[in-house]
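Asks: Contents of entry_11.txt (compact mmCIF, C-alpha atoms) are given next:
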# COMPACT_ATOMS: atom_id res chain seq x y z
CA MET A 1 0.00 0.00 0.00
CA THR A 2 1.33 3.48 -0.80
CA THR A 3 1.67 5.99 2.02
CA ALA A 4 -0.98 8.17 0.40
CA ALA A 5 -3.40 5.26 0.20
CA ALA A 6 -2.61 4.29 3.79
CA LYS A 7 -3.20 7.84 5.00
CA ALA A 8 -6.57 7.85 3.31
CA LEU A 9 -7.67 5.12 5.71
CA LEU A 10 -7.07 7.32 8.74
CA ASN A 11 -9.24 10.42 9.09
CA ASP A 12 -7.74 13.84 9.86
CA GLU A 13 -8.57 13.61 13.53
CA GLN A 14 -6.84 10.21 13.80
CA LEU A 15 -3.79 11.45 11.90
CA LEU A 16 -3.50 14.26 14.44
CA ARG A 17 -4.37 12.18 17.51
CA TYR A 18 -1.75 9.54 16.72
CA SER A 19 0.74 11.89 15.03
CA ARG A 20 3.48 11.43 17.68
CA GLN A 21 3.36 7.67 17.11
CA ILE A 22 3.04 7.96 13.36
CA PHE A 23 6.26 10.02 13.41
CA LEU A 24 8.10 6.94 14.67
CA PRO A 25 9.55 5.14 11.66
CA GLU A 26 8.79 1.80 13.36
CA ILE A 27 5.08 2.65 13.45
CA ASP A 28 4.17 5.10 10.66
CA VAL A 29 0.61 5.22 9.28
CA GLU A 30 0.52 1.53 8.50
CA GLY A 31 1.57 0.57 12.02
CA GLN A 32 -1.08 2.86 13.45
CA GLN A 33 -3.68 1.21 11.27
CA ARG A 34 -2.51 -2.16 12.44
CA LEU A 35 -2.92 -1.03 16.06
CA LEU A 36 -6.44 0.15 15.27
CA ARG A 37 -7.24 -3.30 13.86
CA SER A 38 -5.70 -5.14 16.85
CA LYS A 39 -7.44 -6.89 19.71
CA VAL A 40 -5.86 -7.26 23.14
CA MET A 41 -7.25 -9.02 26.21
CA VAL A 42 -6.32 -7.42 29.54
CA LEU A 43 -6.83 -9.63 32.59
CA GLY A 44 -7.12 -7.74 35.87
CA LEU A 45 -7.90 -4.02 36.15
CA GLY A 46 -5.80 -3.28 39.20
CA GLY A 47 -2.41 -1.66 39.67
CA LEU A 48 -1.01 -3.25 36.52
CA GLY A 49 -4.18 -3.41 34.42
CA SER A 50 -4.77 0.32 34.93
CA PRO A 51 -1.68 1.65 33.11
CA ILE A 52 -1.77 -1.29 30.67
CA SER A 53 -5.33 -0.55 29.55
CA MET A 54 -4.91 3.23 29.60
CA TYR A 55 -1.79 3.24 27.42
CA LEU A 56 -3.18 0.66 25.02
CA ALA A 57 -6.38 2.70 24.69
CA SER A 58 -4.62 6.02 24.22
CA SER A 59 -2.25 4.40 21.71
CA GLY A 60 -5.22 3.37 19.60
CA VAL A 61 -5.43 -0.41 20.01
CA GLY A 62 -8.75 -1.09 18.28
CA GLN A 63 -10.38 -3.45 20.75
CA LEU A 64 -9.63 -4.10 24.41
CA VAL A 65 -11.30 -7.03 26.11
CA VAL A 66 -11.10 -6.26 29.83
CA VAL A 67 -11.76 -8.89 32.48
CA ASP A 68 -12.14 -8.35 36.23
CA PRO A 69 -14.77 -9.73 38.63
CA ASP A 70 -14.35 -7.01 41.30
CA GLN A 71 -15.89 -3.69 42.23
CA VAL A 72 -13.91 -0.51 42.85
CA GLU A 73 -12.94 -0.09 46.53
CA LEU A 74 -11.39 2.86 48.32
CA SER A 75 -8.15 0.93 48.96
CA ASN A 76 -7.77 0.42 45.18
CA LEU A 77 -7.54 4.10 44.29
CA GLN A 78 -3.93 4.64 45.50
CA ARG A 79 -2.60 2.68 42.52
CA GLN A 80 -5.46 1.62 40.25
CA ILE A 81 -5.52 4.86 38.32
CA VAL A 82 -8.04 3.79 35.70
CA HIS A 83 -10.66 4.13 38.46
CA SER A 84 -11.58 7.50 39.94
CA SER A 85 -13.11 8.44 43.29
CA ASP A 86 -16.60 8.70 41.85
CA ALA A 87 -16.39 5.08 40.65
CA LEU A 88 -16.47 3.59 44.17
CA GLY A 89 -18.76 0.56 44.18
CA MET A 90 -18.89 0.34 40.39
CA GLU A 91 -17.84 -2.78 38.52
CA LYS A 92 -14.18 -2.31 37.69
CA VAL A 93 -14.83 -3.16 34.06
CA ALA A 94 -17.56 -0.48 33.81
CA SER A 95 -15.39 2.08 35.58
CA ALA A 96 -12.46 1.25 33.29
CA LYS A 97 -14.62 1.39 30.17
CA ARG A 98 -15.75 4.89 31.11
CA THR A 99 -12.16 6.09 31.65
CA LEU A 100 -10.77 4.35 28.56
CA ASN A 101 -13.45 5.68 26.23
CA GLY A 102 -12.90 9.11 27.76
CA LEU A 103 -9.24 8.81 26.79
CA ASN A 104 -10.03 7.52 23.32
CA PRO A 105 -13.51 6.99 21.87
CA ASP A 106 -11.96 5.11 18.90
CA VAL A 107 -11.40 2.05 21.09
CA ASP A 108 -14.03 -0.67 21.41
CA ILE A 109 -14.08 -1.88 25.03
CA VAL A 110 -15.55 -5.35 25.63
CA THR A 111 -16.16 -6.08 29.32
CA HIS A 112 -16.41 -9.27 31.38
CA ASN A 113 -17.36 -8.63 34.99
CA ARG A 114 -16.47 -12.14 36.16
CA ARG A 115 -13.73 -14.73 36.22
CA LEU A 116 -13.67 -16.56 32.92
CA SER A 117 -13.42 -20.34 32.97
CA GLU A 118 -10.38 -21.91 31.34
CA ALA A 119 -12.50 -22.86 28.29
CA GLU A 120 -13.80 -19.28 28.04
CA LEU A 121 -10.28 -17.91 28.40
CA ILE A 122 -9.04 -20.14 25.58
CA GLU A 123 -11.88 -18.96 23.35
CA ALA A 124 -11.26 -15.30 24.24
CA ALA A 125 -7.48 -15.68 23.74
CA ARG A 126 -8.10 -17.17 20.28
CA GLY A 127 -9.97 -14.00 19.37
CA ALA A 128 -7.17 -11.71 20.63
CA ASP A 129 -3.80 -10.88 19.13
CA VAL A 130 -2.07 -10.59 22.51
CA VAL A 131 -3.08 -11.38 26.11
CA VAL A 132 -1.81 -9.34 29.08
CA ASP A 133 -1.82 -10.66 32.64
CA GLY A 134 -2.21 -8.14 35.46
CA THR A 135 -4.01 -10.43 37.90
CA ASP A 136 -3.12 -10.69 41.57
CA ASN A 137 -2.89 -14.40 42.32
CA PHE A 138 -1.10 -17.53 41.16
CA ASP A 139 -4.22 -19.58 40.41
CA ALA A 140 -5.41 -17.02 37.85
CA ARG A 141 -1.91 -16.80 36.38
CA PHE A 142 -1.60 -20.57 35.96
CA THR A 143 -4.99 -20.71 34.22
CA ILE A 144 -4.18 -17.79 31.92
CA ASN A 145 -0.85 -19.40 30.99
CA ARG A 146 -2.56 -22.69 30.09
CA ALA A 147 -5.22 -20.86 28.07
CA CYS A 148 -2.67 -18.84 26.08
CA HIS A 149 -0.65 -22.00 25.43
CA ALA A 150 -3.78 -23.76 24.16
CA ALA A 151 -4.76 -20.77 22.01
CA GLY A 152 -1.22 -20.20 20.70
CA LYS A 153 -1.33 -16.50 21.62
CA PRO A 154 1.50 -14.43 23.17
CA LEU A 155 1.20 -13.64 26.87
CA VAL A 156 2.72 -10.54 28.49
CA SER A 157 3.00 -11.22 32.21
CA GLY A 158 3.90 -8.78 34.98
CA ALA A 159 3.84 -8.86 38.77
CA VAL A 160 4.58 -6.41 41.58
CA VAL A 161 4.98 -6.46 45.33
CA ARG A 162 6.21 -3.72 47.67
CA MET A 163 8.92 -1.93 45.61
CA GLU A 164 9.78 -4.80 43.29
CA GLY A 165 8.48 -5.98 39.97
CA GLN A 166 8.92 -8.67 37.33
CA VAL A 167 7.98 -8.79 33.62
CA SER A 168 8.29 -11.43 30.92
CA VAL A 169 6.73 -12.40 27.60
CA TYR A 170 5.73 -15.95 26.67
CA ARG A 171 5.61 -16.47 22.89
CA PHE A 172 3.05 -19.22 22.49
CA ASP A 173 2.73 -18.05 18.87
CA GLN A 174 6.27 -19.40 18.33
CA PRO A 175 7.67 -22.85 19.14
CA GLY A 176 10.33 -23.67 21.70
CA GLY A 177 10.15 -20.90 24.31
CA PRO A 178 9.54 -21.25 28.04
CA CYS A 179 6.15 -20.59 29.64
CA TYR A 180 4.98 -19.10 32.94
CA ASN A 181 4.74 -22.61 34.38
CA CYS A 182 8.45 -23.18 33.60
CA LEU A 183 9.21 -20.17 35.83
CA TYR A 184 6.52 -20.79 38.46
CA PRO A 185 5.65 -24.49 38.35
CA GLU A 186 2.32 -25.46 39.86
CA SER A 187 2.86 -27.43 43.07
CA ASN A 188 2.78 -30.92 41.60
CA THR A 189 5.55 -30.20 39.15
CA ALA A 190 7.71 -27.90 41.31
CA PRO A 191 11.30 -28.93 42.05
CA ALA A 192 11.45 -31.42 44.91
CA GLY A 193 10.41 -29.91 48.20
CA GLN A 194 9.78 -26.47 46.75
CA GLY A 195 6.19 -26.68 45.68
CA GLU A 196 4.50 -24.90 48.57
CA ARG A 197 2.03 -22.84 46.64
CA SER A 198 0.04 -22.00 49.74
CA SER A 199 2.98 -20.01 51.09
CA TRP A 200 3.38 -18.30 47.70
CA GLN A 201 -0.14 -16.93 47.81
CA ASN A 202 0.64 -14.51 50.60
CA CYS A 203 3.05 -12.59 48.40
CA SER A 204 0.17 -10.90 46.62
CA GLU A 205 -1.35 -9.67 49.85
CA THR A 206 1.44 -7.33 50.94
CA GLY A 207 1.67 -3.66 50.04
CA VAL A 208 2.91 -2.09 46.84
CA LEU A 209 4.19 1.35 45.89
CA ALA A 210 1.70 2.76 43.36
CA SER A 211 4.26 4.04 40.90
CA VAL A 212 6.11 0.70 40.84
CA ALA A 213 2.91 -0.95 39.60
CA GLY A 214 2.82 1.89 37.08
CA ILE A 215 6.38 1.19 35.87
CA ILE A 216 5.74 -2.53 35.41
CA GLY A 217 2.34 -1.95 33.76
CA CYS A 218 3.91 0.54 31.34
CA ILE A 219 6.56 -2.01 30.38
CA GLN A 220 3.82 -4.57 29.75
CA ALA A 221 1.93 -2.09 27.53
CA THR A 222 5.16 -1.40 25.63
CA GLU A 223 5.75 -5.11 25.05
CA VAL A 224 2.16 -5.49 23.78
CA VAL A 225 2.60 -2.72 21.20
CA LYS A 226 5.95 -4.21 20.12
CA LEU A 227 4.32 -7.63 19.67
CA LEU A 228 1.40 -6.17 17.71
CA LEU A 229 3.73 -4.29 15.36
CA GLY A 230 6.71 -6.67 15.30
CA ILE A 231 9.07 -4.03 16.68
CA GLY A 232 12.44 -4.90 18.22
CA GLU A 233 12.89 -7.75 20.68
CA VAL A 234 10.41 -8.53 23.42
CA LEU A 235 11.22 -10.09 26.80
CA SER A 236 10.80 -13.63 25.49
CA GLY A 237 12.96 -16.15 27.36
CA ARG A 238 13.99 -13.34 29.72
CA LEU A 239 12.62 -12.18 33.06
CA LEU A 240 13.15 -8.50 33.80
CA LEU A 241 13.50 -7.73 37.52
CA LEU A 242 13.13 -4.27 39.06
CA ASP A 243 14.30 -3.31 42.54
CA ALA A 244 12.92 0.21 42.80
CA ARG A 245 14.54 0.74 46.24
CA THR A 246 17.93 0.98 44.57
CA MET A 247 16.51 1.41 41.04
CA GLU A 248 18.48 -1.61 39.92
CA TRP A 249 17.36 -3.71 36.98
CA ASN A 250 18.37 -7.29 36.33
CA THR A 251 17.52 -9.63 33.49
CA VAL A 252 17.69 -13.37 34.00
CA GLY A 253 17.40 -15.89 31.20
CA LEU A 254 14.44 -18.27 31.34
CA ARG A 255 14.78 -21.80 30.08
CA LYS A 256 12.06 -24.06 28.82
CA ASP A 257 11.53 -26.92 31.27
CA PRO A 258 11.32 -30.08 29.12
CA GLN A 259 9.19 -31.64 31.88
CA CYS A 260 6.88 -28.63 32.25
CA SER A 261 3.29 -29.82 32.71
CA VAL A 262 2.04 -27.14 30.31
CA CYS A 263 4.60 -26.79 27.52
CA GLY A 264 7.02 -29.67 28.19
CA THR A 265 7.97 -32.11 25.50
CA GLU A 266 9.10 -35.08 27.64
CA MET B 1 33.92 -14.63 54.66
CA ARG B 2 31.81 -11.54 54.22
CA ILE B 3 29.22 -11.28 51.47
CA THR B 4 26.31 -8.99 50.70
CA LEU B 5 22.87 -10.51 51.18
CA LYS B 6 19.88 -8.93 49.49
CA LEU B 7 16.39 -10.23 50.24
CA PHE B 8 13.56 -8.95 48.08
CA ALA B 9 9.93 -8.21 48.83
CA THR B 10 8.53 -10.02 51.87
CA LEU B 11 11.84 -11.83 52.43
CA GLY B 12 13.32 -8.49 53.54
CA ASP B 13 11.55 -9.03 56.89
CA LEU B 14 13.93 -11.94 57.54
CA LEU B 15 17.12 -9.84 57.45
CA PRO B 16 18.86 -9.40 60.82
CA GLU B 17 18.87 -6.01 62.56
CA GLY B 18 21.08 -3.42 60.97
CA ALA B 19 19.91 -4.06 57.45
CA LYS B 20 19.86 -0.96 55.30
CA ALA B 21 16.77 -1.20 53.10
CA ASN B 22 16.78 -4.83 51.98
CA THR B 23 20.56 -5.34 52.00
CA LEU B 24 23.05 -6.43 54.65
CA GLU B 25 26.70 -7.41 54.74
CA VAL B 26 26.86 -10.78 56.46
CA GLU B 27 29.41 -13.36 57.58
CA VAL B 28 29.06 -16.84 56.10
CA PRO B 29 31.42 -19.87 56.27
CA GLU B 30 34.18 -20.17 53.66
CA GLY B 31 32.98 -22.26 50.74
CA ALA B 32 29.33 -21.72 51.60
CA THR B 33 26.71 -22.80 49.09
CA PRO B 34 23.62 -20.75 48.19
CA HIS B 35 21.42 -23.24 50.08
CA GLN B 36 23.59 -22.88 53.20
CA VAL B 37 23.18 -19.09 53.06
CA ILE B 38 19.43 -19.49 52.47
CA ASP B 39 19.20 -21.79 55.50
CA GLN B 40 21.49 -19.65 57.68
CA PHE B 41 19.13 -16.70 57.36
CA GLN B 42 16.04 -18.89 57.75
CA VAL B 43 14.66 -18.18 54.33
CA PRO B 44 12.19 -21.02 53.61
CA ARG B 45 13.62 -22.80 50.55
CA ALA B 46 10.18 -22.76 48.89
CA MET B 47 10.30 -18.96 49.10
CA ALA B 48 13.78 -18.70 47.55
CA HIS B 49 12.35 -18.69 44.05
CA LEU B 50 15.08 -16.80 42.23
CA VAL B 51 18.67 -16.74 43.49
CA LEU B 52 21.12 -14.34 41.82
CA LEU B 53 24.87 -14.43 42.47
CA ASN B 54 26.38 -11.07 41.46
CA GLY B 55 23.33 -10.50 39.27
CA VAL B 56 23.51 -13.88 37.51
CA TYR B 57 20.76 -16.46 38.04
CA VAL B 58 21.79 -19.58 39.98
CA ASP B 59 19.99 -22.70 38.80
CA VAL B 60 18.36 -24.87 41.47
CA ALA B 61 20.82 -27.65 40.60
CA ASP B 62 23.77 -25.37 41.47
CA ARG B 63 22.51 -24.20 44.84
CA ASP B 64 24.37 -26.94 46.73
CA LYS B 65 27.70 -26.06 45.13
CA PRO B 66 30.38 -23.90 46.86
CA ILE B 67 30.15 -21.12 44.30
CA ILE B 68 30.18 -18.13 46.67
CA HIS B 69 33.37 -16.12 47.15
CA PRO B 70 34.31 -13.28 49.53
CA GLY B 71 32.74 -9.99 48.48
CA ASP B 72 30.03 -11.65 46.38
CA ALA B 73 26.44 -10.43 46.44
CA ILE B 74 23.61 -12.93 46.78
CA ALA B 75 20.09 -11.74 45.98
CA ILE B 76 17.01 -13.83 46.68
CA TRP B 77 13.52 -13.21 45.25
CA PRO B 78 10.35 -14.86 46.55
CA PRO B 79 7.54 -15.82 44.16
CA VAL B 80 5.75 -12.59 43.15
CA ALA B 81 2.17 -12.49 41.86
CA GLY B 82 0.79 -9.10 42.92
CA GLY B 83 -1.08 -7.01 40.41
Can you dump the structure from the file as structure tokens?

Replies:
Amino acid sequence: MTTAAAKALLNDEQLLRYSRQIFLPEIDVEGQQRLLRSKVMVLGLGGLGSPISMYLASSGVGQLVVVDPDQVELSNLQRQIVHSSDALGMEKVASAKRTLNGLNPDVDIVTHNRRLSEAELIEAARGADVVVDGTDNFDARFTINRACHAAGKPLVSGAVVRMEGQVSVYRFDQPGGPCYNCLYPESNTAPAGQGERSSWQNCSETGVLASVAGIIGCIQATEVVKLLLGIGEVLSGRLLLLDARTMEWNTVGLRKDPQCSVCGTE
Amino acid sequence: MRITLKLFATLGDLLPEGAKANTLEVEVPEGATPHQVIDQFQVPRAMAHLVLLNGVYVDVADRDKPIIHPGDAIAIWPPVAGG
């Protein structure tokens, strides 16, 4: 397609709205159009899901499927910036839809105000280009990982606690890479004597610095856009670690576990 | 020998008194293994999800090997799932 023909498919308002992205040679008009045709599923509308969904909406991702069973509570507002004070008691998905469409009416927001079953997650993942995990517990994360593996769709996974965060990308659309279960094996397949998932659960119930959730969520949104447009190298086979106390970053390599119960080949 | 021990997230509560933020210089036996350090500071092994020696990941299979030297930094991450 010629640039002139591509431009004709964006109206003047869109050309102006997305101009600072269109200026990027990696995106240009055609990349912006691809974003507008893309579908992303965001699981969890909390501290991570807030910046993830807000940046994807403002960037012009065409459809966001947002999933969260909870209502907005006062203790959420410190970090869950997609929800405002007048949304207390609202479904998080309805509150988020209002904010996201306020940011960008171009974006179609599909809401699910409940936990999706594994079968429903697989179906929803099949309909999405990329899935983003911003949930707050291991059980949800294990299920999402299995669903993305079954659907063959890339998963961008982030987690935060206190002043620390972790991000990685699992390329289920490509063969051979590790999965979330290789990093965090469910109890039955954990290394000998280390599978105490019950003690893991408590990690999600400690505090978190709001802006640290923001940093990790922004990295997840960045990885989603890179996946959608095929830009650069995503955090596949790598786990990015942030210690915000000292503002130190580390990257550790992730290996596929041949005996992984989800993606293993043995 | 003296090494630097860094315990992340909730594990930071296990550091002895005198810890600055989540880091402390500690004395461990010569030739100590990562598992010995983990046990010495009463970190439950199930909670020592990621172990980094001078910023490099230490595989579970290497955690019983005497790979720690004076002046090294050991960092331990628990499983993290908050969102």

Asks: I'd like the neighbourhood of region 6-22 of chain B as a PyMOL selection string, where a residue qualifies if any of its atoms comes within 6 Å (using all atoms listed in the file), though same-chain residues fewer than 2 positions away should be ignored.

Replies: (chain A and resi 162) or (chain B and resi 24+75-77)

Asks: Since we have the selection now, will you write its residues out, keeping C-alpha atoms, as a PDB file, keeping the file's coordinate frame?

Replies:
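Writing the result to selection.pdb gives the following:
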ATOM      1  CA  ARG A 162       6.210  -3.720  47.670  1.00  0.00           C
TER       2      ARG A 162
ATOM      3  CA  LEU B  24      23.050  -6.430  54.650  1.00  0.00           C
ATOM      4  CA  ALA B  75      20.090 -11.740  45.980  1.00  0.00           C
ATOM      5  CA  ILE B  76      17.010 -13.830  46.680  1.00  0.00           C
ATOM      6  CA  TRP B  77      13.520 -13.210  45.250  1.00  0.00           C
TER       7      TRP B  77
END

Asks: Tell me, as a PDB file with C-alpha atoms, in the coordinates of the input, which residues lie within 8 Å of region 229-234 of chain A, counting only C-alpha atoms; anything in the same chain fewer than 3 positions away does not count.

Replies:
ATOM      1  CA  GLU A  26       8.790   1.800  13.360  1.00  0.00           C
ATOM      2  CA  ILE A  27       5.080   2.650  13.450  1.00  0.00           C
ATOM      3  CA  GLY A  31       1.570   0.570  12.020  1.00  0.00           C
ATOM      4  CA  ARG A  34      -2.510  -2.160  12.440  1.00  0.00           C
ATOM      5  CA  LEU A  35      -2.920  -1.030  16.060  1.00  0.00           C
ATOM      6  CA  VAL A 169       6.730 -12.400  27.600  1.00  0.00           C
ATOM      7  CA  GLU A 223       5.750  -5.110  25.050  1.00  0.00           C
ATOM      8  CA  VAL A 225       2.600  -2.720  21.200  1.00  0.00           C
ATOM      9  CA  LYS A 226       5.950  -4.210  20.120  1.00  0.00           C
TER      10      LYS A 226
END

Asks: For chain A, work out the contacting residues on chain B at 8 Å, counting only C-alpha atoms, and write them as a list in words.

Replies: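 Selected residues: Phe8, Ala9, Thr10, Ala21, Arg45, Ala46, Met47, Gly55, Val56, Tyr57, Pro78, Pro79, Val80, Ala81, Gly82 and Gly83 of chain B.
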
Asks: To one decimal place, how far is CA of Leu43 (chain A) from CA of Ser85 (chain A) in Å?

Replies: 21.9 Å

Asks: CA of Tyr170 (chain A) to CA of Leu235 (chain A): how many Å, to one decimal?

Replies: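 Pair CA of Tyr170 (chain A) / CA of Leu235 (chain A) returns 8.0 Å.
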
Asks: Which one is closest to Leu77 (chain A): A:Ser19, A:Lys153, A:Ala210, A:Gly264? Count only C-alpha atoms.

Replies: A:Ala210

Asks: Using the file's own x, y and z axes, what box holds all listed atoms of region 41-51 of chain A with 3 Å on each side, keeping edges along x, y and z, and what are its centre and edge lengths in Å to one decimal, as JSON?

Replies:
{"center_x": -4.5, "center_y": -4.0, "center_z": 32.9, "size_x": 12.9, "size_y": 17.3, "size_z": 19.5}

Asks: Write out as a list in words each polymer residue whose atoms come within 7 Å of Val40 (chain A), counting only C-alpha atoms; drop sequence neighbours fewer than 4 positions from it.

Replies: Gln63, Leu64, Val65, Ala128, Asp129, Val130 and Val131 of chain A

Asks: Of the candidates B:Ile3, B:Ala32, B:Ile67, B:Ala73, which shows the shortest atom-to-atom distance to Leu52 (chain B), using only C-alpha atoms?

Replies: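 Going through B:Ile3, B:Ala32, B:Ile67, B:Ala73 one by one, the smallest distance to Leu52 (chain B) is for B:Ala73.
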
Asks: Measuring between only C-alpha atoms, which one of B:His35, B:Met1, B:Ile68, B:Glu30 shows the shortest distance to His49 (chain B)?

Replies: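 Closest to His49 (chain B) of all the choices is B:His35.
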
Asks: Distance cut-off 12 Å, centre (20.8, -25.7, 51.6) in file coordinates, counting all atoms listed in the file: which residues qualify? Return them as number ranges by chain.

Replies: A: 193; B: 32-46, 48, 60-66

Asks: Grab the residues selected above and save them as an mmCIF file, in the frame of the given file with C-alpha atoms.

Replies:
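Resulting contents of part_21.cif:
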data_model
loop_
_atom_site.group_PDB
_atom_site.id
_atom_site.type_symbol
_atom_site.label_atom_id
_atom_site.label_comp_id
_atom_site.auth_asym_id
_atom_site.auth_seq_id
_atom_site.Cartn_x
_atom_site.Cartn_y
_atom_site.Cartn_z
ATOM 1 C CA GLY A 193 10.410 -29.910 48.200
ATOM 2 C CA ALA B 32 29.330 -21.720 51.600
ATOM 3 C CA THR B 33 26.710 -22.800 49.090
ATOM 4 C CA PRO B 34 23.620 -20.750 48.190
ATOM 5 C CA HIS B 35 21.420 -23.240 50.080
ATOM 6 C CA GLN B 36 23.590 -22.880 53.200
ATOM 7 C CA VAL B 37 23.180 -19.090 53.060
ATOM 8 C CA ILE B 38 19.430 -19.490 52.470
ATOM 9 C CA ASP B 39 19.200 -21.790 55.500
ATOM 10 C CA GLN B 40 21.490 -19.650 57.680
ATOM 11 C CA PHE B 41 19.130 -16.700 57.360
ATOM 12 C CA GLN B 42 16.040 -18.890 57.750
ATOM 13 C CA VAL B 43 14.660 -18.180 54.330
ATOM 14 C CA PRO B 44 12.190 -21.020 53.610
ATOM 15 C CA ARG B 45 13.620 -22.800 50.550
ATOM 16 C CA ALA B 46 10.180 -22.760 48.890
ATOM 17 C CA ALA B 48 13.780 -18.700 47.550
ATOM 18 C CA VAL B 60 18.360 -24.870 41.470
ATOM 19 C CA ALA B 61 20.820 -27.650 40.600
ATOM 20 C CA ASP B 62 23.770 -25.370 41.470
ATOM 21 C CA ARG B 63 22.510 -24.200 44.840
ATOM 22 C CA ASP B 64 24.370 -26.940 46.730
ATOM 23 C CA LYS B 65 27.700 -26.060 45.130
ATOM 24 C CA PRO B 66 30.380 -23.900 46.860
#

Asks: What gap, in Å, lies between CA of Thr143 (chain A) and CA of Tyr180 (chain A)?

Replies: 10.2 Å

Asks: So which residues touch Leu88 (chain A) within 10 Å, counting only C-alpha atoms, skipping near sequence neighbours fewer than 5 positions away, as a list in words?

Replies: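 Here the qualifying residues turn out to be Gln71, Val72, Glu73, Leu74, Ser75, Asn76, Leu77, His83 and Ser95 of chain A.
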
Asks: Using only C-alpha atoms for the distances, tell me which of A:Leu24, A:Ala94, A:Val29, A:Cys260 is nearest to Leu9 (chain A).

Replies: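 Selected residue with least distance to Leu9 (chain A): A:Val29.
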
Asks: For region 33-38 of chain A of the structure just presented, write all heavy atoms to a file, as a compact mmCIF listing (two decimals), in the first residue's frame.

Replies:
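Printed below is selection34.txt as written:
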# COMPACT_ATOMS: atom_id res chain seq x y z
N GLN A 33 -2.49 1.93 11.74
CA GLN A 33 -3.68 1.21 11.27
C GLN A 33 -3.72 -0.20 11.83
O GLN A 33 -4.77 -0.71 12.19
CB GLN A 33 -3.68 1.16 9.74
CG GLN A 33 -4.03 2.48 9.13
CD GLN A 33 -3.93 2.44 7.63
OE1 GLN A 33 -3.03 1.81 7.09
NE2 GLN A 33 -4.84 3.11 6.97
N ARG A 34 -2.54 -0.81 11.89
CA ARG A 34 -2.51 -2.16 12.44
C ARG A 34 -2.95 -2.15 13.91
O ARG A 34 -3.69 -3.02 14.36
CB ARG A 34 -1.11 -2.77 12.29
CG ARG A 34 -1.15 -4.29 12.46
CD ARG A 34 0.22 -4.93 12.48
NE ARG A 34 1.04 -4.63 11.31
CZ ARG A 34 2.28 -5.06 11.15
NH1 ARG A 34 2.83 -5.82 12.09
NH2 ARG A 34 2.98 -4.74 10.09
N LEU A 35 -2.48 -1.14 14.66
CA LEU A 35 -2.92 -1.03 16.06
C LEU A 35 -4.44 -0.90 16.13
O LEU A 35 -5.10 -1.53 16.96
CB LEU A 35 -2.27 0.18 16.75
CG LEU A 35 -0.81 0.08 17.14
CD1 LEU A 35 -0.36 1.37 17.83
CD2 LEU A 35 -0.57 -1.11 18.08
N LEU A 36 -4.98 -0.08 15.24
CA LEU A 36 -6.44 0.15 15.27
C LEU A 36 -7.23 -1.10 14.90
O LEU A 36 -8.40 -1.22 15.23
CB LEU A 36 -6.81 1.32 14.33
CG LEU A 36 -6.42 2.70 14.88
CD1 LEU A 36 -6.39 3.75 13.77
CD2 LEU A 36 -7.39 3.14 15.98
N ARG A 37 -6.58 -2.02 14.21
CA ARG A 37 -7.24 -3.30 13.86
C ARG A 37 -6.97 -4.39 14.89
O ARG A 37 -7.47 -5.50 14.75
CB ARG A 37 -6.72 -3.79 12.49
CG ARG A 37 -7.18 -3.02 11.29
CD ARG A 37 -6.91 -3.82 10.01
NE ARG A 37 -5.51 -4.20 9.88
CZ ARG A 37 -4.58 -3.49 9.23
NH1 ARG A 37 -4.92 -2.35 8.65
NH2 ARG A 37 -3.34 -3.90 9.14
N SER A 38 -6.15 -4.10 15.92
CA SER A 38 -5.70 -5.14 16.85
C SER A 38 -6.68 -5.34 18.00
O SER A 38 -7.43 -4.44 18.37
CB SER A 38 -4.33 -4.76 17.42
OG SER A 38 -3.38 -4.68 16.39
